[in-house]
There are 2 protein chains.
Amino acid sequence: MTGGSSTSTDILDCARALIIAGGYNGFSYANIAEVIGIRKASIHHHFPTKLDLVCTLVSRYRAEAAKGLATLEQAIPDPLEQLRAYSGYWEACIADAQRPFCLYALLATQIPVLPEPLVLEIRAYFHVLSGWLTQVLQRGVQQGIFHLAGEAKAEAEIFMASVHGAMLSARAYGDPRVFGAIVNPMIQRLASPPAVGARS
Amino acid sequence: MTGGSSTSTDILDCARALIIAGGYNGFSYANIAEVIGIRKASIHHHFPTKLDLVCTLVSRYRAEAAKGLATLEQAIPDPLEQLRAYSGYWEACIADAQRPFCLYALLATQIPVLPEPLVLEIRAYFHVLSGWLTQVLQRGVQQGIFHLAGEAKAEAEIFMASVHGAMLSARAYGDPRVFGAIVNPMIQRLASPPAVGARS
DNA sequence: GACAGCCTATCTACTAGAAGGTAGACATCA
DNA sequence: TGATGTCTACCTTCTAGTAGATAGGCTGTC
């Protein structure tokens with residue numbers, strides 16, 4: 001349902017931008033209507049309730065993200081470069097100010113006040129992302145590219161958290177460069193050979 | 001102003017809990033009134049507008065946090081233990097589910113839709129925290145306890161981001177233990193001597 | 001001690017506007 | 001002809017915020 005009508009896509013894109021700016025309770029149908037130039041009632045035609053809208057949005061972008069990771073997987077064989085491409089994607093999004101936060105990370109902060117179906121979608125995204133990162137790290141270890149201090153799964157969770165924390169810091173400081181300053185050393189660390197006699 | 005009346009403190013405490021759950025737009029005067037058992041108009045007596053309320057809240061807890069860090073500083077001399085005490089504080093808060101997220105981190109996610117005075121307070125908190133962490137790391141390096149890959153300031157930003165990201169992941173997965181699983185290895189890493197011939 | 005004046009804190013009752021949502025008319029197009 | 005998409009006009013509930021009454025507790029003064 002809600003296949004490919006341009007209007008419904010416009011609504012979803014607009015809702016995504018508004019959620020990324022201010023969360024689930026930070027936007028209304030009136031906001032969307034104003035931005036894309038239709039009436040509130042027309043949005044209800046495409047998405048009867050706000051929950052319908054946001055659930056559709058969240059499940060669509062999760063599918064898109066999964067596809068994006070799969071594509072990246074095929075285009076770039078090297079695990080280290082995969083990680084760099086992933087972080088570079090976000091670095092560009094944040095620098096553009098076009099998509100300066102992860103939709104799911106932002107919604108996750110408000111989980112206690114979100115409806116259940118939405119929470120399940122958000123959680124699913126975290127599992128998809130951390131699962132992919134785990135695989136990348138495992139492959140990197142097998143190829144001798146990464147040298148991990150702990151289990152790949154645990155290191156993937158650490159890396160994912162630092163990416164989300166870096167988005168938050170960039171927003172808090174109002175400086176997009178903060179993101180790269182945090183995430184790039186994290187990648188470097190995964191790739192560094194075990195230091196031998198290094199001094200600080 | 002708003003010195004120490006029990007009611008105004010109750011209002012602030014309640015507002016904090018509600019913001020931690022759902023952000024700036026996730027609560028109303030009616031919510032607070034219901035929880036603490038007074039009427040909406042009485043809240044307006046203490047805090048004329050919502051912005052007054054949240055600004056008071058945010059500046060009060062920032063002062064409290066700064067005092068808390070100073071106290072911790074005096075009670076615990078060892079930098080590594082200071083870091084563990086800091087992360088342990090949050091680990092306990094999250095496990096209790098009493099204060100399962102940092103007020104400022106949560107508000108920071110919504111910066112694009114928050115009023116300017118609030119944004120300045122939030123940013124100030126990030127500076128206070130990252131400043132303190134930087135000092136702790138510097139002292140640890142001087143004492144030969146920490147071995148950093150980069151500048152203390154940069155490492156402090158990385159650590160702070162991982163703490164906030166860990167809160168987010170704990171909330172997303174609905175599992176408090178995730179916080180420690182992410183932050184504890186980060187602390188361990190700072191304290192580990194430069195590995196010599198370590199194998200993964 | 002009684003009284004007046006003021007301050008603080010609470011209340012009821014109200015407002016204007018925004019929220020999410022509905023009903024039904026109208027146009028368009030396969 | 002029926003499905004799709006948009007519209008106007010409306011509803012109910014919630015939102016932040018205001019006005020004005022009331023009650024109790026101080027403090028100064030006669």
# chains A, B, ... in the order shown; residues from 1 in each chain; ligands from 1
>>> interface_residues(of="chain B", to="chain C", cutoff="12 Å", atoms="only C-alpha atoms (C1' of nucleotides)", output="number ranges by chain")
B: 2, 5-8, 37-46
>>> write_last_selection(atoms="C-alpha atoms", output="tab-separated table (two decimals), in the first residue's frame")
chain	number	residue	atom	x	y	z
B	2	THR	CA	12.54	30.49	43.01
B	5	SER	CA	9.99	26.18	47.93
B	6	SER	CA	9.12	22.52	47.99
B	7	THR	CA	6.46	22.94	45.32
B	8	SER	CA	8.76	24.59	42.81
B	37	GLY	CA	-1.42	17.09	42.49
B	38	ILE	CA	-1.86	20.84	41.95
B	39	ARG	CA	-3.58	22.90	39.26
B	40	LYS	CA	-2.01	24.18	36.06
B	41	ALA	CA	-2.38	27.79	37.17
B	42	SER	CA	-0.23	27.11	40.23
B	43	ILE	CA	2.63	26.02	38.00
B	44	HIS	CA	2.32	29.25	36.04
B	45	HIS	CA	2.66	31.08	39.36
B	46	HIS	CA	6.09	29.52	39.90
>>> calpha_fit_rmsd(fixed="chain B", moving="chain A")
0.1 Å
>>> closest_atom_pairs(of="chain D", to="chain B", cutoff="12 Å", atoms="only C-alpha atoms (C1' of nucleotides)", output="CSV")
residue,atom,partner,partner_atom,distance
D:DC14,C1',B:Ala30,CA,9.2
D:DT15,C1',B:Ser28,CA,7.6
D:DA16,C1',B:Thr49,CA,7.7
D:DG17,C1',B:Thr49,CA,7.7
D:DT18,C1',B:Ala41,CA,9.2
D:DA19,C1',B:Ala41,CA,11.0
>>> closest_atom_pairs(of="chain B", to="chain A", cutoff="8 Å", atoms="only C-alpha atoms", output="CSV")
residue,atom,partner,partner_atom,distance
B:Ala21,CA,A:Pro112,CA,5.5
B:Gly22,CA,A:Gln110,CA,4.8
B:Gly23,CA,A:Gln110,CA,6.9
B:Asn25,CA,A:Asn25,CA,5.7
B:Gly26,CA,A:Asn25,CA,6.1
B:Ala105,CA,A:Leu168,CA,7.3
B:Leu106,CA,A:Thr109,CA,6.6
B:Ala108,CA,A:Ala172,CA,5.4
B:Thr109,CA,A:Leu168,CA,6.2
B:Gln110,CA,A:Gly22,CA,4.8
B:Ile111,CA,A:Arg171,CA,7.2
B:Pro112,CA,A:Ala21,CA,5.5
B:Val113,CA,A:Gly22,CA,5.6
B:Val119,CA,A:Ala172,CA,7.9
B:Ile122,CA,A:Ala172,CA,7.0
B:Arg123,CA,A:Ala172,CA,5.6
B:Phe126,CA,A:Ala172,CA,7.2
B:His147,CA,A:Ser200,CA,5.8
B:Leu148,CA,A:Ser200,CA,5.8
B:Ala149,CA,A:Ser200,CA,6.4
B:Gly150,CA,A:Ser200,CA,7.7
B:Ala154,CA,A:Ile182,CA,7.4
B:Glu157,CA,A:Ile182,CA,6.7
B:Ile158,CA,A:Ile182,CA,5.2
B:Met160,CA,A:Gly165,CA,7.6
B:Ala161,CA,A:Gly165,CA,4.0
B:Ser162,CA,A:Ser162,CA,4.4
B:Val163,CA,A:Gly165,CA,7.3
B:His164,CA,A:Gly165,CA,5.2
B:Gly165,CA,A:Ala161,CA,4.0
B:Ala166,CA,A:Ala161,CA,5.4
B:Leu168,CA,A:Thr109,CA,6.2
B:Ser169,CA,A:Ala161,CA,6.6
B:Arg171,CA,A:Ala108,CA,6.8
B:Ala172,CA,A:Ala108,CA,5.4
B:Tyr173,CA,A:Arg123,CA,6.0
B:Ala181,CA,A:Ala154,CA,7.4
B:Ile182,CA,A:Ile158,CA,5.2
B:Val183,CA,A:Ile158,CA,7.8
B:Pro194,CA,A:Ala198,CA,6.0
B:Ala195,CA,A:Ala195,CA,5.5
B:Val196,CA,A:Val196,CA,4.7
B:Gly197,CA,A:Pro194,CA,6.3
B:Ala198,CA,A:Pro194,CA,6.0
B:Arg199,CA,A:Pro194,CA,7.7
B:Ser200,CA,A:Leu148,CA,5.6
